[in-house]
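To keep things clear, I will list the structure first and then write my remarks on it.
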Amino acid sequence: MKKTYVITGATSGIGKALLKRFVKDNIVFAGYRNEKYVQELEAMGAIPFYIDMAKRETVAQAAAYIKSKTEKIDTLINVAGCVVAGVMEQLPVERIREQFEVNTFSHLDLTQRLKTLLGRVINISSMSSFGIFPFVAPYCASKRAMDILFNAMALESGLEIVSIKPGVIATPLWEKSIESNKSSIEGCQGYENEMKYMVSNASENGKKGLNVEKVVDLIVKVDAMKNPKPSYCVGRDAKVAEFVSRLPFGLQNKLIKFKLSRVMITK
Ligand SMILES: NC(=O)c1ccc[n+]([C@@H]2O[C@H](COP(=O)([O-])OP(=O)(O)OC[C@H]3O[C@@H](n4cnc5c(N)ncnc54)[C@H](OP(=O)(O)O)[C@@H]3O)[C@@H](O)[C@H]2O)c1
């Protein structure tokens, strides 16, 4: 029987790959923020809906549109996301607010608005939720906050919510993050080596990360499970991050500093 899915961030990377997989046999509402994707989404057989996670009013509009078209959603997959990077002593707080708006608050808002229709929620969190990556702290914090807020929702309401935590996946996210963080990277003072490393690392990750289909395979598997676990890691790096996050805090920091000293010149 056909199931109904809502996928945010369906125009690229993980979301697009998920859409391709699900749209063959199901009804899929596909979120986009740029009109240029509408035709492509329709041609794939999806029902496009406009949502810009950075603009609150569009979340309400998207939820109203979806509710006008369907009475049930088997699975809402919260995928849309971006990366705010930079040095914590210099990054404008406004940029961190934007990070939370896109990666955390808008997904929570959309989920609340669709709650009465929902069977299950799958969130694309990240290994960054384990919180051990300096220079991308806003991204880590936004994903951790997402996990905490949604886990509480699951405990309080009984709604089934699964957090998927991928490690590095080869998607356009990495190149986009270099572009969108250009001003923080170029404007930062005293951390030039660190920023150089971050840019080359991001560029490498976009090419050498795990294939996006590995994440899709896991999500398809989790979606079909009767009783999924609340959290799954994808990739060896994500499992290592989970392990490190369970070590005593002082030891974690020593390991992170050691790793940084191996890859770049630090203070
Ligand atoms: N790639 C990785 O290594 C990795 C690892 C762990 C977790 N993740 C998470 O996986 C999710 C998907 O990322 P991806 O790697 O597939 O990256 P991607 O290829 O850049 O896809 C991100 C998607 O989110 C959309 N998006 C970004 N900002 C948005 C906004 N303000 N409003 C609405 N949509 C917005 C993008 O739209 P446009 O096409 O218009 O840009 C795109 O469809 C993200 O939540 C990311 O944090 C990725």
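Labels for the structure tokens follow display order: chains A, B, ..., residues from 1 in each chain, ligands from 1.
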List all protein, DNA and RNA residues that have an atom no more than 8 Å from any atom of ligand 1, counting only C-alpha atoms and all ligand atoms, and report them as a JSON list (two decimals) with N, CA and C atoms, in the first residue's frame.
```
[["chain", "number", "residue", "atom", "x", "y", "z"],
["A", 8, "THR", "N", 11.71, 17.42, 3.94],
["A", 8, "THR", "CA", 12.25, 18.78, 3.76],
["A", 8, "THR", "C", 13.66, 18.63, 3.16],
["A", 9, "GLY", "N", 14.10, 19.67, 2.45],
["A", 9, "GLY", "CA", 15.44, 19.60, 1.86],
["A", 9, "GLY", "C", 15.55, 18.50, 0.82],
["A", 10, "ALA", "N", 14.51, 18.41, -0.04],
["A", 10, "ALA", "CA", 14.45, 17.30, -1.01],
["A", 10, "ALA", "C", 15.14, 17.62, -2.33],
["A", 11, "THR", "N", 15.85, 18.74, -2.40],
["A", 11, "THR", "CA", 16.40, 19.17, -3.69],
["A", 11, "THR", "C", 17.88, 18.84, -3.88],
["A", 12, "SER", "N", 18.48, 18.20, -2.90],
["A", 12, "SER", "CA", 19.93, 17.97, -2.99],
["A", 12, "SER", "C", 20.33, 16.86, -2.03],
["A", 13, "GLY", "N", 21.50, 16.28, -2.27],
["A", 13, "GLY", "CA", 22.12, 15.37, -1.31],
["A", 13, "GLY", "C", 21.21, 14.26, -0.78],
["A", 14, "ILE", "N", 21.18, 14.14, 0.55],
["A", 14, "ILE", "CA", 20.45, 13.05, 1.21],
["A", 14, "ILE", "C", 18.94, 13.13, 0.91],
["A", 15, "GLY", "N", 18.38, 14.32, 0.99],
["A", 15, "GLY", "CA", 16.94, 14.48, 0.77],
["A", 15, "GLY", "C", 16.53, 14.09, -0.64],
["A", 16, "LYS", "N", 17.33, 14.48, -1.62],
["A", 16, "LYS", "CA", 17.02, 14.16, -3.01],
["A", 16, "LYS", "C", 17.12, 12.65, -3.26],
["A", 31, "GLY", "N", 10.05, 19.18, -0.10],
["A", 31, "GLY", "CA", 10.31, 20.58, 0.25],
["A", 31, "GLY", "C", 11.42, 21.20, -0.58],
["A", 32, "TYR", "N", 11.16, 22.42, -1.06],
["A", 32, "TYR", "CA", 12.19, 23.17, -1.80],
["A", 32, "TYR", "C", 12.16, 24.61, -1.31],
["A", 33, "ARG", "N", 13.30, 25.31, -1.45],
["A", 33, "ARG", "CA", 13.30, 26.74, -1.11],
["A", 33, "ARG", "C", 13.58, 27.60, -2.34],
["A", 34, "ASN", "N", 13.97, 26.93, -3.44],
["A", 34, "ASN", "CA", 14.28, 27.66, -4.67],
["A", 34, "ASN", "C", 13.37, 27.15, -5.80],
["A", 51, "ILE", "N", 9.20, 25.76, 1.24],
["A", 51, "ILE", "CA", 9.51, 26.01, 2.66],
["A", 51, "ILE", "C", 10.94, 26.54, 2.75],
["A", 52, "ASP", "N", 11.07, 27.68, 3.40],
["A", 52, "ASP", "CA", 12.42, 28.18, 3.68],
["A", 52, "ASP", "C", 12.59, 28.15, 5.19],
["A", 53, "MET", "N", 13.44, 27.26, 5.65],
["A", 53, "MET", "CA", 13.58, 27.04, 7.09],
["A", 53, "MET", "C", 14.10, 28.28, 7.82],
["A", 54, "ALA", "N", 14.62, 29.25, 7.06],
["A", 54, "ALA", "CA", 15.12, 30.48, 7.68],
["A", 54, "ALA", "C", 14.00, 31.52, 7.83],
["A", 55, "LYS", "N", 12.83, 31.22, 7.22],
["A", 55, "LYS", "CA", 11.72, 32.19, 7.26],
["A", 55, "LYS", "C", 10.52, 31.55, 7.91],
["A", 78, "ASN", "N", 12.76, 15.05, 8.40],
["A", 78, "ASN", "CA", 13.33, 16.39, 8.54],
["A", 78, "ASN", "C", 14.79, 16.36, 8.10],
["A", 79, "VAL", "N", 15.02, 16.82, 6.87],
["A", 79, "VAL", "CA", 16.36, 16.70, 6.27],
["A", 79, "VAL", "C", 17.06, 18.05, 6.11],
["A", 80, "ALA", "N", 16.32, 19.08, 5.74],
["A", 80, "ALA", "CA", 16.95, 20.36, 5.35],
["A", 80, "ALA", "C", 17.95, 20.82, 6.40],
["A", 81, "GLY", "N", 19.07, 21.31, 5.95],
["A", 81, "GLY", "CA", 20.07, 21.77, 6.92],
["A", 81, "GLY", "C", 21.20, 22.52, 6.24],
["A", 82, "CYS", "N", 21.91, 23.32, 7.04],
["A", 82, "CYS", "CA", 23.07, 24.04, 6.55],
["A", 82, "CYS", "C", 24.09, 24.10, 7.69],
["A", 83, "VAL", "N", 25.27, 24.58, 7.35],
["A", 83, "VAL", "CA", 26.36, 24.60, 8.34],
["A", 83, "VAL", "C", 26.82, 26.03, 8.58],
["A", 102, "VAL", "N", 17.31, 27.36, 11.10],
["A", 102, "VAL", "CA", 17.23, 26.43, 9.97],
["A", 102, "VAL", "C", 17.28, 24.97, 10.45],
["A", 103, "ASN", "N", 18.24, 24.65, 11.29],
["A", 103, "ASN", "CA", 18.47, 23.22, 11.61],
["A", 103, "ASN", "C", 17.60, 22.70, 12.75],
["A", 124, "ILE", "N", 17.17, 13.93, 10.34],
["A", 124, "ILE", "CA", 18.58, 13.78, 9.94],
["A", 124, "ILE", "C", 19.38, 14.71, 10.83],
["A", 125, "SER", "N", 19.90, 14.12, 11.87],
["A", 125, "SER", "CA", 20.77, 14.85, 12.78],
["A", 125, "SER", "C", 22.18, 14.75, 12.20],
["A", 126, "SER", "N", 23.16, 14.44, 13.02],
["A", 126, "SER", "CA", 24.54, 14.34, 12.53],
["A", 126, "SER", "C", 25.42, 13.79, 13.64],
["A", 127, "MET", "N", 26.58, 13.26, 13.24],
["A", 127, "MET", "CA", 27.54, 12.89, 14.29],
["A", 127, "MET", "C", 27.98, 14.15, 15.06],
["A", 128, "SER", "N", 27.75, 15.32, 14.45],
["A", 128, "SER", "CA", 28.09, 16.57, 15.13],
["A", 128, "SER", "C", 27.28, 16.77, 16.40],
["A", 139, "TYR", "N", 26.85, 24.45, 14.33],
["A", 139, "TYR", "CA", 26.22, 23.29, 13.67],
["A", 139, "TYR", "C", 26.03, 22.16, 14.68],
["A", 143, "LYS", "N", 22.34, 20.63, 16.06],
["A", 143, "LYS", "CA", 21.94, 19.22, 15.91],
["A", 143, "LYS", "C", 21.71, 18.58, 17.28],
["A", 165, "LYS", "N", 22.18, 9.76, 12.63],
["A", 165, "LYS", "CA", 23.39, 10.56, 12.80],
["A", 165, "LYS", "C", 24.47, 10.11, 11.82],
["A", 166, "PRO", "N", 24.46, 10.71, 10.62],
["A", 166, "PRO", "CA", 25.51, 10.33, 9.65],
["A", 166, "PRO", "C", 26.85, 10.95, 10.02],
["A", 167, "GLY", "N", 27.91, 10.24, 9.63],
["A", 167, "GLY", "CA", 29.25, 10.84, 9.63],
["A", 167, "GLY", "C", 29.39, 11.65, 8.37],
["A", 168, "VAL", "N", 30.60, 11.71, 7.83],
["A", 168, "VAL", "CA", 30.81, 12.52, 6.62],
["A", 168, "VAL", "C", 30.21, 11.81, 5.40],
["A", 169, "ILE", "N", 29.31, 12.51, 4.72],
["A", 169, "ILE", "CA", 28.65, 11.97, 3.53],
["A", 169, "ILE", "C", 29.01, 12.87, 2.34],
["A", 170, "ALA", "N", 29.29, 12.28, 1.20],
["A", 170, "ALA", "CA", 29.69, 13.07, 0.02],
["A", 170, "ALA", "C", 28.44, 13.71, -0.60],
["A", 171, "THR", "N", 28.18, 14.95, -0.21],
["A", 171, "THR", "CA", 27.04, 15.70, -0.76],
["A", 171, "THR", "C", 27.50, 17.14, -1.01],
["A", 172, "PRO", "N", 26.68, 17.91, -1.71],
["A", 172, "PRO", "CA", 27.05, 19.33, -1.96],
["A", 172, "PRO", "C", 27.12, 20.18, -0.69],
["A", 173, "LEU", "N", 26.65, 19.65, 0.45],
["A", 173, "LEU", "CA", 26.65, 20.43, 1.71],
["A", 173, "LEU", "C", 28.01, 21.07, 1.99],
["A", 174, "TRP", "N", 29.06, 20.31, 1.72],
["A", 174, "TRP", "CA", 30.41, 20.76, 2.09],
["A", 174, "TRP", "C", 30.86, 21.98, 1.28],
["A", 176, "LYS", "N", 28.82, 24.00, -0.28],
["A", 176, "LYS", "CA", 27.91, 25.10, 0.08],
["A", 176, "LYS", "C", 28.38, 25.76, 1.37],
["A", 205, "ASN", "N", 35.96, 16.35, 2.17],
["A", 205, "ASN", "CA", 34.80, 15.60, 2.66],
["A", 205, "ASN", "C", 33.71, 15.48, 1.60],
["A", 206, "GLY", "N", 33.53, 16.58, 0.85],
["A", 206, "GLY", "CA", 32.50, 16.58, -0.19],
["A", 206, "GLY", "C", 32.77, 15.54, -1.26],
["A", 209, "GLY", "N", 33.56, 11.56, 1.26],
["A", 209, "GLY", "CA", 32.60, 11.06, 2.26],
["A", 209, "GLY", "C", 31.92, 9.78, 1.80],
["A", 210, "LEU", "N", 31.18, 9.20, 2.72],
["A", 210, "LEU", "CA", 30.43, 7.98, 2.44],
["A", 210, "LEU", "C", 29.38, 8.28, 1.36],
["A", 212, "VAL", "N", 25.97, 8.64, -0.42],
["A", 212, "VAL", "CA", 24.68, 9.05, 0.13],
["A", 212, "VAL", "C", 23.68, 7.87, 0.23]]
```
Quick one: contact table of segment 20-124 of chain A to segment 224-247 of chain A, 12 Å max, nearest atom pair and distance in Å to one decimal per residue, counting only C-alpha atoms, chain and number order, as a Markdown table?
```
| residue | atom | partner | partner_atom | distance |
| --- | --- | --- | --- | --- |
| A:Phe22 | CA | A:Ala224 | CA | 11.9 |
| A:Asp74 | CA | A:Ala224 | CA | 10.8 |
| A:Thr75 | CA | A:Ala224 | CA | 10.4 |
| A:Gly119 | CA | A:Lys226 | CA | 11.6 |
| A:Arg120 | CA | A:Pro228 | CA | 10.3 |
| A:Val121 | CA | A:Pro230 | CA | 10.4 |
| A:Ile122 | CA | A:Pro230 | CA | 9.4 |
| A:Asn123 | CA | A:Ser231 | CA | 9.5 |
| A:Ile124 | CA | A:Tyr232 | CA | 10.0 |
```
From a backbone DSSP assignment, name each residue in segment 130-253 of chain A labelled helix (DSSP H, G or I), as a VMD selection string.
chain A and resid 130 137 to 157 173 to 180 182 to 187 192 to 208 212 to 224 236 to 245 249 to 253
Dump C-alpha atoms for the selected residues as a PDB file, in the first residue's frame?
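The resulting file, result_9.pdb, is shown below:
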```
ATOM      1  CA  PHE A 130      27.956  14.434  19.833  1.00  0.00           C
ATOM      2  CA  ALA A 137      30.185  24.518  17.095  1.00  0.00           C
ATOM      3  CA  PRO A 138      26.965  26.260  15.940  1.00  0.00           C
ATOM      4  CA  TYR A 139      26.223  23.292  13.671  1.00  0.00           C
ATOM      5  CA  CYS A 140      27.018  20.792  16.467  1.00  0.00           C
ATOM      6  CA  ALA A 141      24.840  22.700  18.937  1.00  0.00           C
ATOM      7  CA  SER A 142      21.918  22.976  16.500  1.00  0.00           C
ATOM      8  CA  LYS A 143      21.942  19.221  15.909  1.00  0.00           C
ATOM      9  CA  ARG A 144      22.322  18.435  19.621  1.00  0.00           C
ATOM     10  CA  ALA A 145      19.432  20.772  20.403  1.00  0.00           C
ATOM     11  CA  MET A 146      17.353  19.081  17.723  1.00  0.00           C
ATOM     12  CA  ASP A 147      18.041  15.682  19.289  1.00  0.00           C
ATOM     13  CA  ILE A 148      17.245  16.864  22.825  1.00  0.00           C
ATOM     14  CA  LEU A 149      14.027  18.688  21.907  1.00  0.00           C
ATOM     15  CA  PHE A 150      12.683  15.889  19.722  1.00  0.00           C
ATOM     16  CA  ASN A 151      13.634  13.173  22.205  1.00  0.00           C
ATOM     17  CA  ALA A 152      11.623  15.032  24.827  1.00  0.00           C
ATOM     18  CA  MET A 153       8.717  15.242  22.397  1.00  0.00           C
ATOM     19  CA  ALA A 154       8.910  11.470  21.882  1.00  0.00           C
ATOM     20  CA  LEU A 155       8.997  10.812  25.633  1.00  0.00           C
ATOM     21  CA  GLU A 156       6.179  13.235  26.372  1.00  0.00           C
ATOM     22  CA  SER A 157       3.803  12.437  23.533  1.00  0.00           C
ATOM     23  CA  LEU A 173      26.652  20.429   1.710  1.00  0.00           C
ATOM     24  CA  TRP A 174      30.411  20.763   2.087  1.00  0.00           C
ATOM     25  CA  GLU A 175      30.998  23.069  -0.884  1.00  0.00           C
ATOM     26  CA  LYS A 176      27.912  25.099   0.083  1.00  0.00           C
ATOM     27  CA  SER A 177      29.288  25.499   3.598  1.00  0.00           C
ATOM     28  CA  ILE A 178      32.583  26.916   2.279  1.00  0.00           C
ATOM     29  CA  GLU A 179      30.616  29.456   0.252  1.00  0.00           C
ATOM     30  CA  SER A 180      28.106  30.425   2.966  1.00  0.00           C
ATOM     31  CA  LYS A 182      33.196  32.792   3.421  1.00  0.00           C
ATOM     32  CA  SER A 183      32.919  36.052   5.372  1.00  0.00           C
ATOM     33  CA  SER A 184      33.555  34.369   8.764  1.00  0.00           C
ATOM     34  CA  ILE A 185      36.463  32.414   7.288  1.00  0.00           C
ATOM     35  CA  GLU A 186      38.083  35.346   5.512  1.00  0.00           C
ATOM     36  CA  GLY A 187      37.301  37.873   8.254  1.00  0.00           C
ATOM     37  CA  GLU A 192      44.187  31.628   9.580  1.00  0.00           C
ATOM     38  CA  ASN A 193      45.738  28.131   9.705  1.00  0.00           C
ATOM     39  CA  GLU A 194      42.649  26.663  11.322  1.00  0.00           C
ATOM     40  CA  MET A 195      40.385  28.208   8.689  1.00  0.00           C
ATOM     41  CA  LYS A 196      42.648  26.995   5.868  1.00  0.00           C
ATOM     42  CA  TYR A 197      42.427  23.500   7.310  1.00  0.00           C
ATOM     43  CA  MET A 198      38.642  23.713   7.694  1.00  0.00           C
ATOM     44  CA  VAL A 199      38.199  24.741   4.058  1.00  0.00           C
ATOM     45  CA  SER A 200      40.457  22.026   2.636  1.00  0.00           C
ATOM     46  CA  ASN A 201      38.887  19.447   4.940  1.00  0.00           C
ATOM     47  CA  ALA A 202      35.365  20.443   3.851  1.00  0.00           C
ATOM     48  CA  SER A 203      36.394  20.261   0.219  1.00  0.00           C
ATOM     49  CA  GLU A 204      37.859  16.771   0.726  1.00  0.00           C
ATOM     50  CA  ASN A 205      34.800  15.603   2.661  1.00  0.00           C
ATOM     51  CA  GLY A 206      32.502  16.581  -0.193  1.00  0.00           C
ATOM     52  CA  LYS A 207      34.389  14.130  -2.403  1.00  0.00           C
ATOM     53  CA  LYS A 208      35.587  11.408  -0.046  1.00  0.00           C
ATOM     54  CA  VAL A 212      24.677   9.046   0.134  1.00  0.00           C
ATOM     55  CA  GLU A 213      22.932   5.741  -0.649  1.00  0.00           C
ATOM     56  CA  LYS A 214      24.289   4.305   2.635  1.00  0.00           C
ATOM     57  CA  VAL A 215      22.204   6.840   4.560  1.00  0.00           C
ATOM     58  CA  VAL A 216      19.181   6.177   2.344  1.00  0.00           C
ATOM     59  CA  ASP A 217      19.527   2.399   2.859  1.00  0.00           C
ATOM     60  CA  LEU A 218      19.475   2.869   6.633  1.00  0.00           C
ATOM     61  CA  ILE A 219      16.499   5.240   6.547  1.00  0.00           C
ATOM     62  CA  VAL A 220      14.504   2.864   4.341  1.00  0.00           C
ATOM     63  CA  LYS A 221      15.318   0.051   6.787  1.00  0.00           C
ATOM     64  CA  VAL A 222      14.413   2.129   9.853  1.00  0.00           C
ATOM     65  CA  ASP A 223      11.208   3.334   8.218  1.00  0.00           C
ATOM     66  CA  ALA A 224      10.092  -0.261   7.674  1.00  0.00           C
ATOM     67  CA  ARG A 236      32.633   4.500  11.130  1.00  0.00           C
ATOM     68  CA  ASP A 237      33.450   8.149  11.906  1.00  0.00           C
ATOM     69  CA  ALA A 238      30.005   8.625  13.473  1.00  0.00           C
ATOM     70  CA  LYS A 239      30.515   5.559  15.661  1.00  0.00           C
ATOM     71  CA  VAL A 240      33.940   6.856  16.757  1.00  0.00           C
ATOM     72  CA  ALA A 241      32.385  10.257  17.547  1.00  0.00           C
ATOM     73  CA  GLU A 242      29.747   8.539  19.676  1.00  0.00           C
ATOM     74  CA  PHE A 243      32.439   6.584  21.523  1.00  0.00           C
ATOM     75  CA  VAL A 244      34.558   9.708  22.161  1.00  0.00           C
ATOM     76  CA  SER A 245      31.502  11.613  23.423  1.00  0.00           C
ATOM     77  CA  PHE A 249      34.963  15.447  29.372  1.00  0.00           C
ATOM     78  CA  GLY A 250      38.611  16.213  30.223  1.00  0.00           C
ATOM     79  CA  LEU A 251      39.807  13.198  28.262  1.00  0.00           C
ATOM     80  CA  GLN A 252      37.569  14.105  25.309  1.00  0.00           C
ATOM     81  CA  ASN A 253      39.119  17.578  25.164  1.00  0.00           C
TER      82      ASN A 253
END
```
So which residues of segment 70-158 of chain A fall under strand (DSSP E or B) by DSSP, listed as a PyMOL selection string?
chain A and resi 73-78+118-124
Selected residues, all heavy atoms, written as a JSON list (two decimals), in the first residue's frame, please.
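Saved file again_18.json follows:
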```json
[["chain", "number", "residue", "atom", "x", "y", "z"],
["A", 73, "ILE", "N", 0.20, 11.45, 7.33],
["A", 73, "ILE", "CA", 1.59, 11.40, 6.88],
["A", 73, "ILE", "C", 2.22, 10.21, 7.61],
["A", 73, "ILE", "O", 2.26, 10.20, 8.84],
["A", 73, "ILE", "CB", 2.35, 12.70, 7.25],
["A", 73, "ILE", "CG1", 1.73, 13.91, 6.54],
["A", 73, "ILE", "CG2", 3.83, 12.58, 6.91],
["A", 73, "ILE", "CD1", 2.13, 15.24, 7.17],
["A", 74, "ASP", "N", 2.63, 9.21, 6.87],
["A", 74, "ASP", "CA", 3.23, 8.05, 7.55],
["A", 74, "ASP", "C", 4.56, 8.45, 8.18],
["A", 74, "ASP", "O", 4.81, 8.13, 9.34],
["A", 74, "ASP", "CB", 3.43, 6.91, 6.55],
["A", 74, "ASP", "CG", 2.08, 6.36, 6.10],
["A", 74, "ASP", "OD1", 1.51, 5.54, 6.84],
["A", 74, "ASP", "OD2", 1.57, 6.78, 5.04],
["A", 75, "THR", "N", 5.40, 9.15, 7.39],
["A", 75, "THR", "CA", 6.70, 9.55, 7.94],
["A", 75, "THR", "C", 7.07, 10.96, 7.48],
["A", 75, "THR", "O", 7.08, 11.24, 6.28],
["A", 75, "THR", "CB", 7.81, 8.56, 7.50],
["A", 75, "THR", "OG1", 7.39, 7.23, 7.76],
["A", 75, "THR", "CG2", 9.11, 8.82, 8.25],
["A", 76, "LEU", "N", 7.38, 11.79, 8.46],
["A", 76, "LEU", "CA", 7.96, 13.11, 8.18],
["A", 76, "LEU", "C", 9.47, 12.96, 8.31],
["A", 76, "LEU", "O", 9.96, 12.50, 9.35],
["A", 76, "LEU", "CB", 7.44, 14.14, 9.19],
["A", 76, "LEU", "CG", 8.22, 15.46, 9.31],
["A", 76, "LEU", "CD1", 8.15, 16.27, 8.02],
["A", 76, "LEU", "CD2", 7.68, 16.30, 10.48],
["A", 77, "ILE", "N", 10.19, 13.31, 7.25],
["A", 77, "ILE", "CA", 11.65, 13.20, 7.32],
["A", 77, "ILE", "C", 12.24, 14.61, 7.27],
["A", 77, "ILE", "O", 12.20, 15.29, 6.25],
["A", 77, "ILE", "CB", 12.22, 12.30, 6.19],
["A", 77, "ILE", "CG1", 11.39, 11.01, 6.07],
["A", 77, "ILE", "CG2", 13.69, 11.97, 6.47],
["A", 77, "ILE", "CD1", 11.90, 10.02, 5.02],
["A", 78, "ASN", "N", 12.76, 15.05, 8.40],
["A", 78, "ASN", "CA", 13.33, 16.39, 8.54],
["A", 78, "ASN", "C", 14.79, 16.36, 8.10],
["A", 78, "ASN", "O", 15.66, 15.92, 8.84],
["A", 78, "ASN", "CB", 13.23, 16.85, 10.00],
["A", 78, "ASN", "CG", 11.81, 17.15, 10.42],
["A", 78, "ASN", "OD1", 11.06, 17.79, 9.67],
["A", 78, "ASN", "ND2", 11.41, 16.70, 11.60],
["A", 118, "LEU", "N", 0.74, 12.72, 11.92],
["A", 118, "LEU", "CA", 1.99, 11.96, 11.82],
["A", 118, "LEU", "C", 1.94, 10.54, 12.38],
["A", 118, "LEU", "O", 1.42, 10.30, 13.47],
["A", 118, "LEU", "CB", 3.11, 12.71, 12.57],
["A", 118, "LEU", "CG", 3.55, 14.05, 11.98],
["A", 118, "LEU", "CD1", 4.60, 14.69, 12.88],
["A", 118, "LEU", "CD2", 4.11, 13.86, 10.58],
["A", 119, "GLY", "N", 2.58, 9.64, 11.61],
["A", 119, "GLY", "CA", 2.83, 8.30, 12.12],
["A", 119, "GLY", "C", 4.18, 8.26, 12.82],
["A", 119, "GLY", "O", 4.33, 7.78, 13.94],
["A", 120, "ARG", "N", 5.18, 8.82, 12.14],
["A", 120, "ARG", "CA", 6.55, 8.72, 12.64],
["A", 120, "ARG", "C", 7.38, 9.90, 12.12],
["A", 120, "ARG", "O", 7.07, 10.46, 11.08],
["A", 120, "ARG", "CB", 7.15, 7.41, 12.11],
["A", 120, "ARG", "CG", 8.58, 7.16, 12.47],
["A", 120, "ARG", "CD", 9.03, 5.81, 11.96],
["A", 120, "ARG", "NE", 8.47, 4.71, 12.73],
["A", 120, "ARG", "CZ", 8.69, 3.43, 12.46],
["A", 120, "ARG", "NH1", 9.45, 3.09, 11.46],
["A", 120, "ARG", "NH2", 8.16, 2.47, 13.21],
["A", 121, "VAL", "N", 8.43, 10.25, 12.86],
["A", 121, "VAL", "CA", 9.35, 11.30, 12.41],
["A", 121, "VAL", "C", 10.75, 10.73, 12.34],
["A", 121, "VAL", "O", 11.18, 10.01, 13.26],
["A", 121, "VAL", "CB", 9.36, 12.50, 13.40],
["A", 121, "VAL", "CG1", 10.36, 13.57, 12.96],
["A", 121, "VAL", "CG2", 7.97, 13.11, 13.54],
["A", 122, "ILE", "N", 11.43, 11.00, 11.24],
["A", 122, "ILE", "CA", 12.85, 10.64, 11.15],
["A", 122, "ILE", "C", 13.63, 11.95, 10.96],
["A", 122, "ILE", "O", 13.39, 12.68, 10.00],
["A", 122, "ILE", "CB", 13.13, 9.66, 10.00],
["A", 122, "ILE", "CG1", 12.37, 8.34, 10.24],
["A", 122, "ILE", "CG2", 14.63, 9.40, 9.85],
["A", 122, "ILE", "CD1", 12.55, 7.28, 9.16],
["A", 123, "ASN", "N", 14.50, 12.24, 11.89],
["A", 123, "ASN", "CA", 15.32, 13.46, 11.81],
["A", 123, "ASN", "C", 16.71, 13.13, 11.29],
["A", 123, "ASN", "O", 17.34, 12.18, 11.77],
["A", 123, "ASN", "CB", 15.48, 14.08, 13.20],
["A", 123, "ASN", "CG", 14.24, 14.82, 13.64],
["A", 123, "ASN", "OD1", 13.43, 15.23, 12.81],
["A", 123, "ASN", "ND2", 14.08, 14.99, 14.94],
["A", 124, "ILE", "N", 17.17, 13.93, 10.34],
["A", 124, "ILE", "CA", 18.58, 13.78, 9.94],
["A", 124, "ILE", "C", 19.38, 14.71, 10.83],
["A", 124, "ILE", "O", 19.49, 15.92, 10.59],
["A", 124, "ILE", "CB", 18.80, 14.09, 8.44],
["A", 124, "ILE", "CG1", 17.82, 13.30, 7.57],
["A", 124, "ILE", "CG2", 20.25, 13.75, 8.06],
["A", 124, "ILE", "CD1", 17.80, 11.80, 7.78]]
```
Coordinates-based distance that separates atom CA of Leu108 of chain A from atom CA of Thr58 of chain A (Å, one decimal)
13.6 Å
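Relative to atom CA of Thr111 of chain A, atom CA of Lys3 of chain A is found at 17.9 Å.
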Quick one: residues within 9 Å of Leu91 of chain A, only C-alpha atoms counted, chain neighbours fewer than 5 positions away excluded, as JSON, numbers by chain?
{"A": [85, 86, 96, 184, 188]}
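Minimum distance to Ser163 of chain A across A:Ser129, A:Val136, A:Gln189, A:Phe258 (counting only C-alpha atoms) occurs at A:Ser129.
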Tell me, as JSON, numbers by chain, which residues lie within 10 Å of Lys67 of chain A, counting only C-alpha atoms; anything in the same chain fewer than 6 positions away does not count.
{"A": [61, 73, 113, 114, 116, 117]}
